[in-house]
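Below: upload.pdb (PDB, C-alpha atoms, pLDDT in the B column)
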ATOM      1  CA  MET A  20     -19.883  18.364  30.186  1.00 47.00           C
ATOM      2  CA  ASN A  21     -18.313  17.955  33.583  1.00 45.00           C
ATOM      3  CA  SER A  22     -14.669  18.822  34.213  1.00 39.00           C
ATOM      4  CA  CYS A  23     -13.679  15.201  34.878  1.00 37.00           C
ATOM      5  CA  CYS A  24     -14.710  14.104  31.357  1.00 34.00           C
ATOM      6  CA  LEU A  25     -13.034  17.130  29.820  1.00 32.00           C
ATOM      7  CA  LEU A  26      -9.807  16.337  31.639  1.00 32.00           C
ATOM      8  CA  ILE A  27      -9.859  12.702  30.441  1.00 36.00           C
ATOM      9  CA  ILE A  28     -10.533  13.723  26.830  1.00 37.00           C
ATOM     10  CA  THR A  29      -7.743  16.313  26.940  1.00 35.00           C
ATOM     11  CA  SER A  30      -5.369  13.747  28.416  1.00 39.00           C
ATOM     12  CA  LEU A  31      -6.206  11.226  25.674  1.00 35.00           C
ATOM     13  CA  LEU A  32      -5.708  13.821  22.943  1.00 36.00           C
ATOM     14  CA  CYS A  33      -2.317  14.792  24.389  1.00 39.00           C
ATOM     15  CA  THR A  34      -1.257  11.135  24.464  1.00 36.00           C
ATOM     16  CA  ILE A  35      -2.296  10.671  20.828  1.00 38.00           C
ATOM     17  CA  CYS A  36      -0.448  13.838  19.792  1.00 37.00           C
ATOM     18  CA  GLU A  37       2.717  12.710  21.610  1.00 38.00           C
ATOM     19  CA  LYS A  38       2.649   9.301  19.903  1.00 41.00           C
ATOM     20  CA  GLN A  39       2.207  10.917  16.485  1.00 40.00           C
ATOM     21  CA  ALA A  40       5.088  13.281  17.203  1.00 38.00           C
ATOM     22  CA  GLN A  41       7.293  10.374  18.271  1.00 45.00           C
ATOM     23  CA  ALA A  42       6.393   8.427  15.116  1.00 47.00           C
ATOM     24  CA  SER A  43       7.227  11.385  12.898  1.00 55.00           C
ATOM     25  CA  ASP A  44      10.627  11.787  14.610  1.00 87.00           C
ATOM     26  CA  VAL A  45      11.905   8.769  12.661  1.00 92.00           C
ATOM     27  CA  THR A  46      12.245   8.415   8.898  1.00 93.00           C
ATOM     28  CA  LEU A  47      13.044   5.028   7.337  1.00 94.00           C
ATOM     29  CA  SER A  48      13.450   4.487   3.613  1.00 94.00           C
ATOM     30  CA  ILE A  49      14.547   1.543   1.505  1.00 94.00           C
ATOM     31  CA  SER A  50      15.763   1.330  -2.060  1.00 92.00           C
ATOM     32  CA  PRO A  51      14.586  -0.417  -4.105  1.00 91.00           C
ATOM     33  CA  GLU A  52      11.050  -0.566  -2.741  1.00 92.00           C
ATOM     34  CA  SER A  53      10.188  -3.432  -5.108  1.00 90.00           C
ATOM     35  CA  CYS A  54      12.127  -6.296  -6.590  1.00 88.00           C
ATOM     36  CA  VAL A  55      11.295  -8.566  -9.539  1.00 88.00           C
ATOM     37  CA  ALA A  56      11.707 -12.260  -8.770  1.00 85.00           C
ATOM     38  CA  GLU A  57      13.163 -14.127 -11.706  1.00 81.00           C
ATOM     39  CA  LYS A  58      13.313 -17.909 -11.526  1.00 81.00           C
ATOM     40  CA  GLY A  59      11.482 -17.662  -8.202  1.00 82.00           C
ATOM     41  CA  TRP A  60      14.028 -15.506  -6.341  1.00 87.00           C
ATOM     42  CA  CYS A  61      14.468 -11.788  -5.887  1.00 88.00           C
ATOM     43  CA  LYS A  62      18.176 -10.974  -5.598  1.00 90.00           C
ATOM     44  CA  ALA A  63      19.159  -7.377  -4.889  1.00 89.00           C
ATOM     45  CA  LYS A  64      21.284  -5.014  -2.856  1.00 93.00           C
ATOM     46  CA  LEU A  65      18.896  -3.367  -0.413  1.00 92.00           C
ATOM     47  CA  GLU A  66      19.887   0.116   0.764  1.00 95.00           C
ATOM     48  CA  ILE A  67      18.338   1.090   4.092  1.00 95.00           C
ATOM     49  CA  ASN A  68      18.441   4.753   5.215  1.00 95.00           C
ATOM     50  CA  TRP A  69      17.133   6.319   8.410  1.00 95.00           C
ATOM     51  CA  GLN A  70      17.013   9.658  10.168  1.00 95.00           C
ATOM     52  CA  LEU A  71      16.261  10.304  13.831  1.00 94.00           C
ATOM     53  CA  SER A  72      15.419  13.521  15.647  1.00 93.00           C
ATOM     54  CA  LYS A  73      17.583  12.434  18.612  1.00 91.00           C
ATOM     55  CA  ALA A  74      20.759  10.369  18.373  1.00 91.00           C
ATOM     56  CA  LYS A  75      20.199   6.868  19.731  1.00 91.00           C
ATOM     57  CA  ALA A  76      21.568   3.383  19.221  1.00 93.00           C
ATOM     58  CA  VAL A  77      19.385   1.460  16.767  1.00 94.00           C
ATOM     59  CA  CYS A  78      19.248  -1.923  15.083  1.00 94.00           C
ATOM     60  CA  VAL A  79      17.981  -2.963  11.654  1.00 95.00           C
ATOM     61  CA  LYS A  80      16.015  -6.221  11.628  1.00 94.00           C
ATOM     62  CA  ILE A  81      15.026  -7.959   8.418  1.00 91.00           C
ATOM     63  CA  GLU A  82      12.139 -10.418   8.540  1.00 90.00           C
ATOM     64  CA  GLY A  83      13.331 -13.994   8.157  1.00 85.00           C
ATOM     65  CA  GLN A  84      16.886 -13.269   9.320  1.00 84.00           C
ATOM     66  CA  ALA A  85      17.956 -14.162  12.847  1.00 82.00           C
ATOM     67  CA  VAL A  86      20.754 -11.579  12.946  1.00 84.00           C
ATOM     68  CA  LYS A  87      20.052  -7.883  13.355  1.00 89.00           C
ATOM     69  CA  ARG A  88      22.566  -5.162  12.550  1.00 92.00           C
ATOM     70  CA  CYS A  89      23.096  -2.565  15.269  1.00 93.00           C
ATOM     71  CA  PHE A  90      24.558   0.942  15.033  1.00 93.00           C
ATOM     72  CA  ASP A  91      25.906   3.447  17.571  1.00 92.00           C
ATOM     73  CA  LYS A  92      24.173   6.690  18.490  1.00 90.00           C
ATOM     74  CA  GLN A  93      23.783   8.756  15.318  1.00 85.00           C
ATOM     75  CA  LEU A  94      21.113  11.020  13.870  1.00 89.00           C
ATOM     76  CA  ASN A  95      21.212   9.376  10.452  1.00 88.00           C
ATOM     77  CA  ASN A  96      22.872   6.410   8.864  1.00 92.00           C
ATOM     78  CA  SER A  97      22.514   3.849   6.114  1.00 91.00           C
ATOM     79  CA  THR A  98      23.506   0.304   5.360  1.00 92.00           C
ATOM     80  CA  VAL A  99      23.454  -1.952   2.304  1.00 93.00           C
ATOM     81  CA  ILE A 100      22.414  -5.582   2.622  1.00 90.00           C
ATOM     82  CA  GLN A 101      22.413  -8.294  -0.047  1.00 91.00           C
ATOM     83  CA  ILE A 102      19.043 -10.063  -0.048  1.00 89.00           C
ATOM     84  CA  ASN A 103      17.734 -13.215  -1.668  1.00 88.00           C
ATOM     85  CA  VAL A 104      13.990 -13.646  -1.043  1.00 89.00           C
ATOM     86  CA  LYS A 105      10.888 -15.225  -2.567  1.00 88.00           C
ATOM     87  CA  ARG A 106       8.200 -13.108  -0.886  1.00 90.00           C
ATOM     88  CA  PRO A 107       7.725  -9.587   0.502  1.00 92.00           C
ATOM     89  CA  ILE A 108       9.765  -8.878   3.638  1.00 92.00           C
ATOM     90  CA  LYS A 109       9.465  -6.333   6.434  1.00 95.00           C
ATOM     91  CA  ILE A 110      12.434  -4.184   7.437  1.00 95.00           C
ATOM     92  CA  GLN A 111      12.275  -2.744  10.954  1.00 95.00           C
ATOM     93  CA  LEU A 112      14.278  -0.058  12.734  1.00 95.00           C
ATOM     94  CA  LEU A 113      14.436  -0.946  16.444  1.00 94.00           C
ATOM     95  CA  THR A 114      15.859   0.697  19.540  1.00 93.00           C
ATOM     96  CA  ALA A 115      18.987  -1.192  20.585  1.00 92.00           C
ATOM     97  CA  ALA A 116      18.077  -0.911  24.272  1.00 91.00           C
ATOM     98  CA  ASN A 117      14.646  -2.568  24.282  1.00 92.00           C
ATOM     99  CA  ASN A 118      13.852  -3.653  20.680  1.00 91.00           C
ATOM    100  CA  ARG A 119      10.957  -1.182  20.414  1.00 94.00           C
ATOM    101  CA  VAL A 120       9.942  -0.672  16.770  1.00 94.00           C
ATOM    102  CA  LEU A 121      10.667   2.908  15.675  1.00 94.00           C
ATOM    103  CA  ALA A 122       9.731   2.484  12.008  1.00 95.00           C
ATOM    104  CA  SER A 123       9.162  -0.223   9.434  1.00 95.00           C
ATOM    105  CA  SER A 124       8.995  -0.605   5.683  1.00 95.00           C
ATOM    106  CA  THR A 125       8.198  -3.469   3.313  1.00 94.00           C
ATOM    107  CA  LEU A 126      10.135  -4.669   0.298  1.00 93.00           C
ATOM    108  CA  ASN A 127       7.579  -5.833  -2.284  1.00 92.00           C
ATOM    109  CA  VAL A 128       8.436  -8.835  -4.432  1.00 90.00           C
ATOM    110  CA  LEU A 129       6.951  -8.968  -7.914  1.00 88.00           C
ATOM    111  CA  ILE A 130       6.864 -12.362  -9.603  1.00 82.00           C
ATOM    112  CA  LYS A 131       7.756 -12.459 -13.268  1.00 74.00           C
ATOM    113  CA  GLU A 132       5.810 -15.178 -15.025  1.00 69.00           C
ATOM    114  CA  TYR A 133       6.861 -16.448 -18.379  1.00 63.00           C
ATOM    115  CA  GLN A 134       4.089 -17.202 -20.815  1.00 63.00           C
ATOM    116  CA  LYS A 135       4.787 -19.620 -23.592  1.00 64.00           C
ATOM    117  CA  ARG A 136       3.282 -18.338 -26.801  1.00 65.00           C
ATOM    118  CA  SER A 137       1.381 -20.881 -28.766  1.00 65.00           C
ATOM    119  CA  ARG A 138       2.321 -21.202 -32.389  1.00 66.00           C
ATOM    120  CA  GLN A 139      -0.144 -19.381 -34.552  1.00 66.00           C
ATOM    121  CA  ARG A 140      -1.429 -21.322 -37.493  1.00 65.00           C
ATOM    122  CA  HIS A 141      -3.176 -19.855 -40.423  1.00 62.00           C
ATOM    123  CA  ALA A 142      -6.682 -21.036 -41.123  1.00 62.00           C
ATOM    124  CA  TRP A 143      -5.848 -21.601 -44.778  1.00 65.00           C
ATOM    125  CA  SER A 144      -2.763 -23.703 -44.017  1.00 58.00           C
ATOM    126  CA  VAL A 145      -3.128 -27.304 -45.166  1.00 58.00           C
ATOM    127  CA  ILE A 146       0.021 -28.511 -43.468  1.00 59.00           C
ATOM    128  CA  GLN A 147      -0.099 -28.170 -39.724  1.00 54.00           C
TER     129      GLN A 147
END

Is it possible to express this structure as structure tokens?
Amino acid sequence: MNSCCLLIITSLLCTICEKQAQASDVTLSISPESCVAEKGWCKAKLEINWQLSKAKAVCVKIEGQAVKRCFDKQLNNSTVIQINVKRPIKIQLLTAANNRVLASSTLNVLIKEYQKRSRQRHAWSVIQ
């Protein structure tokens, strides 16, 4: 293998390793991770926690909401948001400077269906 190809492969591997290291520098968690929708809507208090390896200003963006919540330079923080949704939503942690996505998580929405039980009748019953 010539040295040019080896250099390109090494460069690509270093770039991949750097991106993986950057991705692992951020931890985002939500609680609850799932919500049960009753009467069509999932209503809950969503707690969002994050940790960064370097303090930086970040914003929390919730899919379907125009407003994002921004926070000053800190290594870790959390916020609680009241939600009212019908379908799964994505929560993103963005850099405040350029809106680059640092991490994301999804709140799953489980739909509770009510099943009406049919009245059981006995085979021997004359009156139905």

>> I'd like the contact shell of range 103-105 of chain A - 8 Å cut-off, all atoms listed in the file, skipping same-chain residues fewer than 5 positions apart - returned as a list in words.
In response: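 Close residues of range 103-105 of chain A: Ala56, Gly59, Trp60, Cys61, Lys62, Ala63 and Val128 of chain A.
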
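If you measure from each of A:Leu129, A:Ala122, A:Val99, A:Ala85 to Leu71 in chain A using all atoms listed in the file, the closest one turns out to be A:Ala122.
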
> In Å, with one decimal, what is the gap from CA of Glu52 in chain A to CA of Ala115 in chain A?
Replying inline: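 Interatomic distance, CA of Glu52 in chain A to CA of Ala115 in chain A: 24.6 Å.
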
> Just how far from CA of Asn118 in chain A is CA of Gln70 in chain A, in Å to one decimal?
Replying inline: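 Between these atoms lies a distance of 17.3 Å.
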
> Is there a way to get, as a list in words, all residues within 8 Å of the point (22.5, -2.1, 7.5) in file coordinates, counting all atoms listed in the file?
Replying inline: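 I get Glu66, Ile67, Val79, Arg88, Cys89, Ser97, Thr98, Val99 and Ile100 of chain A for the residues within 8 Å of that point.
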
> How would you write, as a PyMOL selection string, the residues chosen by the PyMOL selection byres ((chain A and resi 127) around 10) on this structure?
Replying inline: chain A and resi 51-55+61+105-109+124-126+128-130

> How far is it from CA of Lys58 in chain A to CA of Gln84 in chain A, in Å with one decimal?
Replying inline: 21.7 Å

> For the file shown, what are the residues hit by the PyMOL selection byres ((chain A and resi 96) around 6), laid out as a VMD selection string?
Replying inline: chain A and resid 68 to 69 95 97

> Using the chain letters and numbers from the file, which residues does the PyMOL selection byres ((chain A and resi 72) around 8) grab, as a list in words?
Replying inline: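 That expression, the PyMOL selection byres ((chain A and resi 72) around 8), corresponds here to Asp44, Val45, Gln70, Leu71, Lys73, Ala74 and Leu94 of chain A.
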
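Distance check against Ser123 in chain A using only C-alpha atoms: of A:Gly83, A:Glu57, A:Leu65, A:Leu47, the minimum falls on A:Leu47.
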
> With all atoms listed in the file as the basis for distance, which of A:Lys131, A:Lys87, A:Lys80, A:Lys64 is at the shortest distance from Leu112 in chain A?
Replying inline: A:Lys80
